[in-house]
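A short worksheet on the structure shown next.
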Amino acid sequence: MDERESRYLTSVKGSLIRHPAFIGAGTAALLALLGLNVAAFVRGLDSPWLLGAVILADVMAIGGGVLVAAREVLSAERGAAQVRTALTDTQARLAAIVDSAMDAVITVDEDQKIVLVNRAAEQVFGIGRERMIGAPLDRYIPARFRSAHRGHIEGFGKTGVTSRRMGDITTLWALRADGQTEFPIEASISQAVEGGRRYYTVILRDITVRKQYEDTLKRQQQELRELSARVLEAREEEKTRIARELHDELGQLLTALKMDLAGLRQLPPGEMEEKLRGMNQLLDQTVSSTRRIAADLRPLMLDDLGLADAAGWLVDDFGKRSGVACRIEFSGADALDALSKSVATAVYRALQESLTNIARHASAKSAWVTLAVLDGVLQVEVEDDGRGIAPEDLAKARSLGLKGMRERLTQVGGALEIARAPRGGTRLRLRVPLRGIAGASA
Ligand SMILES: Nc1ncnc2c1ncn2[C@@H]1O[C@H](COP(=O)(O)OP(=O)(O)OP(=O)(O)O)[C@@H](O)[C@H]1O
Ligand SMILES: [Mg+2]
């Protein structure tokens, strides 16, 4: 019989026996009976009637007492049974609530042996409660954290604090029942003393998916930081390169023309013809160098002729300069009229970077470019038959060409896929809505 039951029994008995009317009537009856007994003791031999009446009254009083006592015991037992039923109902309700909780609940005793597990905990750890109960909590914690964790729980027990969040600074890890798979958790711990024993309850949640999102977000933020630093660096490099090209290429060509022009007057007429031909060639070179430098700076052709022609020129120029045989194919190119300027620039730059990468990294013999429009979406594929791209290539910290491409496409509502090509090399596939997304600018 536990403390609550015995308290109830005492109160049941107390409520009947200590009732003032009952006590008054009982005392009066007992006093009267006592008086009768004294009278019978003194005069009993003279009056057999009195003696008989007293014996009868004594028997009735004893019988009444026995009846009252029996009734009290019976009603006390009924009360205790009611208390037990009420307690069982409350316990069942509590167990159902704990069991239906979305978070995993595990209670351990002072030896850190599991004494209670709910359904969510079974699912999270991948094991039935009948196998969890009685087992040490350690089994569900990665080996390297076990002793520290045990110490934390014991330390928490000494603080006397009722509950607290666990692992505020670091990520907490738990271990599934297979003993292999670790997963990150968010947890809180509470303690309670019951029947002189201390119990600790850990409420935890598997945060694998959230952690994956957080890690991706962190990685993307880092990439963006690197990208913006690299953009600034690239701007400076670009200025230096253009200055060098203007100086070395255009400057040289123009100086040569100037010298030719100066020497022209002194030449005999027969040689002048040939000199003029040479100067004409120099002028042609100057024009094409100027075009190339201008096209690198800003694809004016893109604004004047549109994406299809600009892409055609880019592929031709790439073929001539790199020696890689490159072909371009279009399907549904008429729909490119609807292309927004920001999408055209993003796609042009993506194509430029893909071709540069083929020249720099692929060691390819051939490359294929296709541009297709279907249902308002432009799909561009750039494929080569080179060495192929490896997953670790994509993680290179200093390489920002592909990351920049992806970022640029994302800004206009597009996406980029990088995969091994069926022919063995690399295939880049980008998809972007013709109109981009609202707010995107060139
Ligand atoms: N077509 C390809 N074939 C084989 N490997 C490739 C190809 N394209 C890219 N790679 C690999 O992927 C890496 C990342 O390319 P990415 O364009 O992002 O950077 P990068 O070309 O190295 O430098 P940059 O920042 O100047 O572009 C390259 O270093 C290369 O190893
Ligand atoms: Mg690159």
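Identifiers for the structure tokens are assigned positionally: chains receive A, B, ... in sequence, residues are indexed from 1 per chain, and ligands are indexed from 1 in the order shown.
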* Show me which residues sit within 7 Å of ligand 1 when counting only C-alpha atoms and all ligand atoms, and put them as a list in words. =>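 Listing the residues within 7 Å of ligand 1 gives Glu353, Ser354, Asn357, Ile358, His361, Ala362, Asp384, Gly386, Arg387, Gly388, Ile389, Asp393, Leu394, Lys396, Arg398, Ser399, Leu400, Gly401, Leu402, Lys403, Gly425 and Thr426 of chain A.
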For the residues selected in the previous step, produce a file with N, CA and C atoms as an mmCIF file, in the first residue's frame.
```
data_model
loop_
_atom_site.group_PDB
_atom_site.id
_atom_site.type_symbol
_atom_site.label_atom_id
_atom_site.label_comp_id
_atom_site.auth_asym_id
_atom_site.auth_seq_id
_atom_site.Cartn_x
_atom_site.Cartn_y
_atom_site.Cartn_z
ATOM 1 N N GLU A 353 32.436 30.209 -70.468
ATOM 2 C CA GLU A 353 33.196 29.541 -69.399
ATOM 3 C C GLU A 353 33.335 28.040 -69.705
ATOM 4 N N SER A 354 32.242 27.430 -70.233
ATOM 5 C CA SER A 354 32.296 25.983 -70.531
ATOM 6 C C SER A 354 33.351 25.719 -71.602
ATOM 7 N N ASN A 357 36.801 26.143 -70.210
ATOM 8 C CA ASN A 357 37.153 24.973 -69.385
ATOM 9 C C ASN A 357 37.564 23.792 -70.256
ATOM 10 N N ILE A 358 36.858 23.613 -71.368
ATOM 11 C CA ILE A 358 37.222 22.489 -72.263
ATOM 12 C C ILE A 358 38.652 22.701 -72.761
ATOM 13 N N HIS A 361 41.030 22.340 -69.433
ATOM 14 C CA HIS A 361 41.115 21.144 -68.577
ATOM 15 C C HIS A 361 40.805 19.799 -69.248
ATOM 16 N N ALA A 362 40.048 19.822 -70.388
ATOM 17 C CA ALA A 362 39.452 18.549 -70.832
ATOM 18 C C ALA A 362 40.383 17.653 -71.651
ATOM 19 N N ASP A 384 31.887 17.379 -74.108
ATOM 20 C CA ASP A 384 33.187 17.140 -74.752
ATOM 21 C C ASP A 384 33.570 15.676 -74.590
ATOM 22 N N GLY A 386 36.585 14.671 -73.584
ATOM 23 C CA GLY A 386 37.875 14.722 -72.891
ATOM 24 C C GLY A 386 37.968 13.785 -71.700
ATOM 25 N N ARG A 387 38.771 14.175 -70.692
ATOM 26 C CA ARG A 387 39.078 13.264 -69.569
ATOM 27 C C ARG A 387 37.925 13.118 -68.573
ATOM 28 N N GLY A 388 36.947 14.001 -68.672
ATOM 29 C CA GLY A 388 35.803 13.916 -67.740
ATOM 30 C C GLY A 388 36.094 14.669 -66.459
ATOM 31 N N ILE A 389 35.025 15.041 -65.782
ATOM 32 C CA ILE A 389 35.177 15.849 -64.560
ATOM 33 C C ILE A 389 34.951 14.959 -63.339
ATOM 34 N N ASP A 393 36.851 17.813 -58.390
ATOM 35 C CA ASP A 393 37.111 19.025 -59.187
ATOM 36 C C ASP A 393 36.124 20.123 -58.812
ATOM 37 N N LEU A 394 34.902 19.691 -58.520
ATOM 38 C CA LEU A 394 33.850 20.681 -58.227
ATOM 39 C C LEU A 394 34.044 21.325 -56.856
ATOM 40 N N LYS A 396 36.992 22.265 -55.645
ATOM 41 C CA LYS A 396 38.236 23.065 -55.555
ATOM 42 C C LYS A 396 37.918 24.464 -55.047
ATOM 43 N N ARG A 398 39.653 27.265 -55.000
ATOM 44 C CA ARG A 398 40.038 28.448 -55.788
ATOM 45 C C ARG A 398 39.350 28.484 -57.151
ATOM 46 N N SER A 399 38.631 27.414 -57.499
ATOM 47 C CA SER A 399 37.977 27.377 -58.806
ATOM 48 C C SER A 399 36.590 27.974 -58.693
ATOM 49 N N LEU A 400 36.363 29.017 -59.424
ATOM 50 C CA LEU A 400 35.080 29.707 -59.249
ATOM 51 C C LEU A 400 34.276 29.811 -60.535
ATOM 52 N N GLY A 401 34.837 29.298 -61.647
ATOM 53 C CA GLY A 401 34.129 29.402 -62.922
ATOM 54 C C GLY A 401 32.750 28.754 -62.869
ATOM 55 N N LEU A 402 32.715 27.476 -62.437
ATOM 56 C CA LEU A 402 31.440 26.747 -62.418
ATOM 57 C C LEU A 402 30.509 27.277 -61.326
ATOM 58 N N LYS A 403 31.097 27.649 -60.166
ATOM 59 C CA LYS A 403 30.257 28.189 -59.083
ATOM 60 C C LYS A 403 29.632 29.505 -59.536
ATOM 61 N N GLY A 425 33.379 12.128 -71.793
ATOM 62 C CA GLY A 425 33.913 13.400 -71.297
ATOM 63 C C GLY A 425 32.996 14.030 -70.264
ATOM 64 N N THR A 426 32.811 15.338 -70.415
ATOM 65 C CA THR A 426 31.978 16.071 -69.452
ATOM 66 C C THR A 426 30.763 16.646 -70.176
#
```
* strand (DSSP E) per DSSP on the backbone: members of stretch 123-269 of chain A, as a PyMOL selection string -> chain A and resi 163-166+172-175+182-194+197-206
C-alpha atoms of the current selection, written as an mmCIF file, in the first residue's frame:
```cif
data_model
loop_
_atom_site.group_PDB
_atom_site.id
_atom_site.type_symbol
_atom_site.label_atom_id
_atom_site.label_comp_id
_atom_site.auth_asym_id
_atom_site.auth_seq_id
_atom_site.Cartn_x
_atom_site.Cartn_y
_atom_site.Cartn_z
ATOM 1 C CA SER A 163 15.625 20.713 -16.623
ATOM 2 C CA ARG A 164 18.040 22.130 -19.160
ATOM 3 C CA ARG A 165 18.928 22.121 -22.869
ATOM 4 C CA MET A 166 21.826 19.861 -23.801
ATOM 5 C CA LEU A 172 25.124 16.410 -30.043
ATOM 6 C CA TRP A 173 25.392 13.007 -31.704
ATOM 7 C CA ALA A 174 23.443 9.829 -31.047
ATOM 8 C CA LEU A 175 23.905 6.287 -32.344
ATOM 9 C CA GLU A 182 25.451 8.416 -36.049
ATOM 10 C CA PHE A 183 22.953 11.234 -36.312
ATOM 11 C CA PRO A 184 22.809 14.764 -34.926
ATOM 12 C CA ILE A 185 20.246 15.513 -32.229
ATOM 13 C CA GLU A 186 18.776 18.374 -30.286
ATOM 14 C CA ALA A 187 18.011 17.384 -26.689
ATOM 15 C CA SER A 188 16.959 18.521 -23.257
ATOM 16 C CA ILE A 189 17.292 16.714 -19.951
ATOM 17 C CA SER A 190 15.198 16.803 -16.804
ATOM 18 C CA GLN A 191 15.348 15.011 -13.473
ATOM 19 C CA ALA A 192 12.842 13.882 -10.865
ATOM 20 C CA VAL A 193 13.035 11.872 -7.640
ATOM 21 C CA GLU A 194 10.403 9.152 -7.280
ATOM 22 C CA ARG A 197 15.341 7.123 -6.626
ATOM 23 C CA ARG A 198 16.481 9.737 -9.125
ATOM 24 C CA TYR A 199 15.375 9.461 -12.750
ATOM 25 C CA TYR A 200 16.655 11.430 -15.741
ATOM 26 C CA THR A 201 14.486 12.023 -18.783
ATOM 27 C CA VAL A 202 16.028 13.005 -22.107
ATOM 28 C CA ILE A 203 13.729 14.432 -24.788
ATOM 29 C CA LEU A 204 15.458 14.445 -28.142
ATOM 30 C CA ARG A 205 14.860 15.118 -31.821
ATOM 31 C CA ASP A 206 16.706 13.831 -34.878
#
```
* To do: Could you check which of A:Val343, A:Val369, A:Ala395, A:Val380 is closest to A:Ile437, using only C-alpha atoms?
  =>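 So, comparing all the options, the nearest one is A:Val343.
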* To do: Using only C-alpha atoms, determine which residues lie at most 12 Å from A:Gln220, disregarding the query and same-chain residues fewer than 5 positions distant; provide the list as number ranges by chain.
  => A: 213-215, 225-227, 395, 403-404, 406-407
* So which residues touch stretch 272-287 of chain A within 12 Å, counting only C-alpha atoms, skipping near sequence neighbours fewer than 2 positions away, as JSON, numbers by chain? -> {"A": [245, 246, 248, 249, 250, 251, 252, 253, 254, 255, 256, 257, 258, 259, 260, 261, 262, 263, 264, 265, 266, 267, 268, 269, 270, 289, 290, 291, 292, 293, 294]}
Export, as a compact mmCIF listing (two decimals), in the first residue's frame, the selected residues with C-alpha atoms.
```txt
# COMPACT_ATOMS: atom_id res chain seq x y z
CA GLU A 245 46.61 43.39 -74.81
CA LEU A 246 46.01 46.98 -75.86
CA ASP A 248 51.24 44.64 -76.70
CA GLU A 249 48.86 43.84 -79.51
CA LEU A 250 47.12 46.98 -80.74
CA GLY A 251 50.05 49.19 -79.73
CA GLN A 252 52.53 47.00 -81.67
CA LEU A 253 50.31 46.81 -84.75
CA LEU A 254 49.65 50.55 -84.83
CA THR A 255 53.33 51.37 -84.29
CA ALA A 256 54.24 49.04 -87.16
CA LEU A 257 51.64 50.76 -89.38
CA LYS A 258 52.99 54.18 -88.41
CA MET A 259 56.55 53.14 -89.31
CA ASP A 260 55.38 51.64 -92.60
CA LEU A 261 53.53 54.86 -93.38
CA ALA A 262 56.63 56.94 -92.60
CA GLY A 263 58.83 54.82 -94.88
CA LEU A 264 56.23 54.73 -97.65
CA ARG A 265 57.18 58.05 -99.25
CA GLN A 266 60.84 57.10 -99.73
CA LEU A 267 60.04 53.82 -101.50
CA PRO A 268 60.40 53.38 -105.23
CA PRO A 269 56.95 52.91 -106.91
CA GLY A 270 57.48 49.18 -107.55
CA SER A 289 42.27 42.08 -82.50
CA THR A 290 40.06 45.06 -81.63
CA ARG A 291 36.96 42.89 -82.18
CA ARG A 292 38.31 40.11 -80.04
CA ILE A 293 39.25 42.41 -77.18
CA ALA A 294 35.85 44.14 -77.41
```
* May I have the residues within 6 Å of A:Leu428 as a ChimeraX atom specification, using only C-alpha atoms and disregarding those fewer than 2 positions away in the same chain? => /A:381-382,417-418
* A:Ala135 surroundings by only C-alpha atoms, 10 Å radius, close-in-sequence under 4 positions cut, as an MDAnalysis selection string -> chainID A and resid 108 112:115 130:131 139:140
So which residues of stretch 122-156 of chain A fall under helix (DSSP H, G or I) by DSSP, listed as a PDB file with N, CA and C atoms, in the first residue's frame?
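Written file, states.pdb:
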```pdb
ATOM      1  N   GLU A 122      11.668   4.686 -30.330  1.00  0.00           N
ATOM      2  CA  GLU A 122      11.857   3.406 -31.039  1.00  0.00           C
ATOM      3  C   GLU A 122      12.179   3.669 -32.503  1.00  0.00           C
ATOM      4  N   GLN A 123      11.421   4.653 -33.086  1.00  0.00           N
ATOM      5  CA  GLN A 123      11.620   4.935 -34.512  1.00  0.00           C
ATOM      6  C   GLN A 123      12.978   5.581 -34.764  1.00  0.00           C
ATOM      7  N   VAL A 124      13.322   6.553 -33.908  1.00  0.00           N
ATOM      8  CA  VAL A 124      14.578   7.279 -34.099  1.00  0.00           C
ATOM      9  C   VAL A 124      15.773   6.333 -33.991  1.00  0.00           C
ATOM     10  N   PHE A 125      15.723   5.412 -32.992  1.00  0.00           N
ATOM     11  CA  PHE A 125      16.891   4.544 -32.795  1.00  0.00           C
ATOM     12  C   PHE A 125      16.794   3.243 -33.586  1.00  0.00           C
ATOM     13  N   ARG A 129      11.035  -1.181 -28.014  1.00  0.00           N
ATOM     14  CA  ARG A 129      11.304  -0.765 -26.632  1.00  0.00           C
ATOM     15  C   ARG A 129      11.652  -1.944 -25.737  1.00  0.00           C
ATOM     16  N   GLU A 130      11.148  -3.132 -26.099  1.00  0.00           N
ATOM     17  CA  GLU A 130      11.432  -4.277 -25.226  1.00  0.00           C
ATOM     18  C   GLU A 130      12.935  -4.579 -25.193  1.00  0.00           C
ATOM     19  N   ARG A 131      13.634  -4.181 -26.286  1.00  0.00           N
ATOM     20  CA  ARG A 131      15.092  -4.416 -26.302  1.00  0.00           C
ATOM     21  C   ARG A 131      15.858  -3.231 -25.738  1.00  0.00           C
ATOM     22  N   MET A 132      15.180  -2.070 -25.680  1.00  0.00           N
ATOM     23  CA  MET A 132      15.867  -0.883 -25.149  1.00  0.00           C
ATOM     24  C   MET A 132      15.811  -0.859 -23.622  1.00  0.00           C
ATOM     25  N   LEU A 137      22.181   3.350 -21.366  1.00  0.00           N
ATOM     26  CA  LEU A 137      21.974   4.450 -22.317  1.00  0.00           C
ATOM     27  C   LEU A 137      23.178   4.594 -23.252  1.00  0.00           C
ATOM     28  N   ASP A 138      24.367   4.251 -22.728  1.00  0.00           N
ATOM     29  CA  ASP A 138      25.626   4.329 -23.482  1.00  0.00           C
ATOM     30  C   ASP A 138      25.538   3.717 -24.871  1.00  0.00           C
ATOM     31  N   ARG A 139      24.734   2.668 -24.974  1.00  0.00           N
ATOM     32  CA  ARG A 139      24.665   1.934 -26.226  1.00  0.00           C
ATOM     33  C   ARG A 139      24.183   2.830 -27.370  1.00  0.00           C
ATOM     34  N   TYR A 140      23.470   3.890 -27.010  1.00  0.00           N
ATOM     35  CA  TYR A 140      22.901   4.766 -28.046  1.00  0.00           C
ATOM     36  C   TYR A 140      23.669   6.076 -28.175  1.00  0.00           C
ATOM     37  N   ALA A 143      30.782   5.953 -29.181  1.00  0.00           N
ATOM     38  CA  ALA A 143      31.768   5.542 -28.169  1.00  0.00           C
ATOM     39  C   ALA A 143      32.611   6.706 -27.657  1.00  0.00           C
ATOM     40  N   ARG A 144      33.020   7.610 -28.578  1.00  0.00           N
ATOM     41  CA  ARG A 144      33.952   8.675 -28.153  1.00  0.00           C
ATOM     42  C   ARG A 144      33.302   9.680 -27.203  1.00  0.00           C
ATOM     43  N   PHE A 145      31.956   9.713 -27.134  1.00  0.00           N
ATOM     44  CA  PHE A 145      31.300  10.682 -26.248  1.00  0.00           C
ATOM     45  C   PHE A 145      30.813  10.047 -24.948  1.00  0.00           C
ATOM     46  N   ARG A 146      30.920   8.710 -24.838  1.00  0.00           N
ATOM     47  CA  ARG A 146      30.235   8.012 -23.736  1.00  0.00           C
ATOM     48  C   ARG A 146      30.637   8.500 -22.352  1.00  0.00           C
ATOM     49  N   SER A 147      31.961   8.538 -22.085  1.00  0.00           N
ATOM     50  CA  SER A 147      32.332   8.859 -20.695  1.00  0.00           C
ATOM     51  C   SER A 147      31.971  10.304 -20.375  1.00  0.00           C
ATOM     52  N   ALA A 148      32.173  11.213 -21.371  1.00  0.00           N
ATOM     53  CA  ALA A 148      31.828  12.623 -21.122  1.00  0.00           C
ATOM     54  C   ALA A 148      30.334  12.751 -20.851  1.00  0.00           C
ATOM     55  N   HIS A 149      29.534  11.999 -21.605  1.00  0.00           N
ATOM     56  CA  HIS A 149      28.087  12.101 -21.470  1.00  0.00           C
ATOM     57  C   HIS A 149      27.621  11.614 -20.101  1.00  0.00           C
ATOM     58  N   ARG A 150      28.208  10.473 -19.694  1.00  0.00           N
ATOM     59  CA  ARG A 150      27.864   9.912 -18.378  1.00  0.00           C
ATOM     60  C   ARG A 150      28.177  10.945 -17.293  1.00  0.00           C
ATOM     61  N   GLY A 151      29.365  11.565 -17.420  1.00  0.00           N
ATOM     62  CA  GLY A 151      29.772  12.580 -16.452  1.00  0.00           C
ATOM     63  C   GLY A 151      28.799  13.761 -16.454  1.00  0.00           C
ATOM     64  N   HIS A 152      28.342  14.171 -17.653  1.00  0.00           N
ATOM     65  CA  HIS A 152      27.415  15.310 -17.737  1.00  0.00           C
ATOM     66  C   HIS A 152      26.125  15.011 -16.999  1.00  0.00           C
ATOM     67  N   ILE A 153      25.612  13.796 -17.188  1.00  0.00           N
ATOM     68  CA  ILE A 153      24.341  13.446 -16.537  1.00  0.00           C
ATOM     69  C   ILE A 153      24.519  13.429 -15.025  1.00  0.00           C
ATOM     70  N   GLU A 154      25.641  12.839 -14.576  1.00  0.00           N
ATOM     71  CA  GLU A 154      25.872  12.791 -13.124  1.00  0.00           C
ATOM     72  C   GLU A 154      26.011  14.206 -12.573  1.00  0.00           C
ATOM     73  N   GLY A 155      26.737  15.039 -13.319  1.00  0.00           N
ATOM     74  CA  GLY A 155      26.922  16.437 -12.903  1.00  0.00           C
ATOM     75  C   GLY A 155      25.590  17.156 -12.841  1.00  0.00           C
ATOM     76  N   PHE A 156      24.739  16.893 -13.824  1.00  0.00           N
ATOM     77  CA  PHE A 156      23.423  17.530 -13.861  1.00  0.00           C
ATOM     78  C   PHE A 156      22.601  17.111 -12.643  1.00  0.00           C
TER      79      PHE A 156
END
```
* Asked: Using only C-alpha atoms and all ligand atoms, which of the listed residues (A:Glu271, A:Met405, A:Val377, A:Asp168) sits closest to ligand 2?
  -> A:Met405
* Looking at A:Leu116, A:Ala350, A:Asp58, A:Gly414, which one is nearest to ligand 2, with distances taken over only C-alpha atoms and all ligand atoms? -> A:Ala350
* Asked: Expressed in Å to a single decimal, how great is the separation between atom CA of A:Leu416 and atom CA of A:Glu236?
  ->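 Atom CA of A:Glu236 lies at a distance of 27.5 Å from atom CA of A:Leu416.
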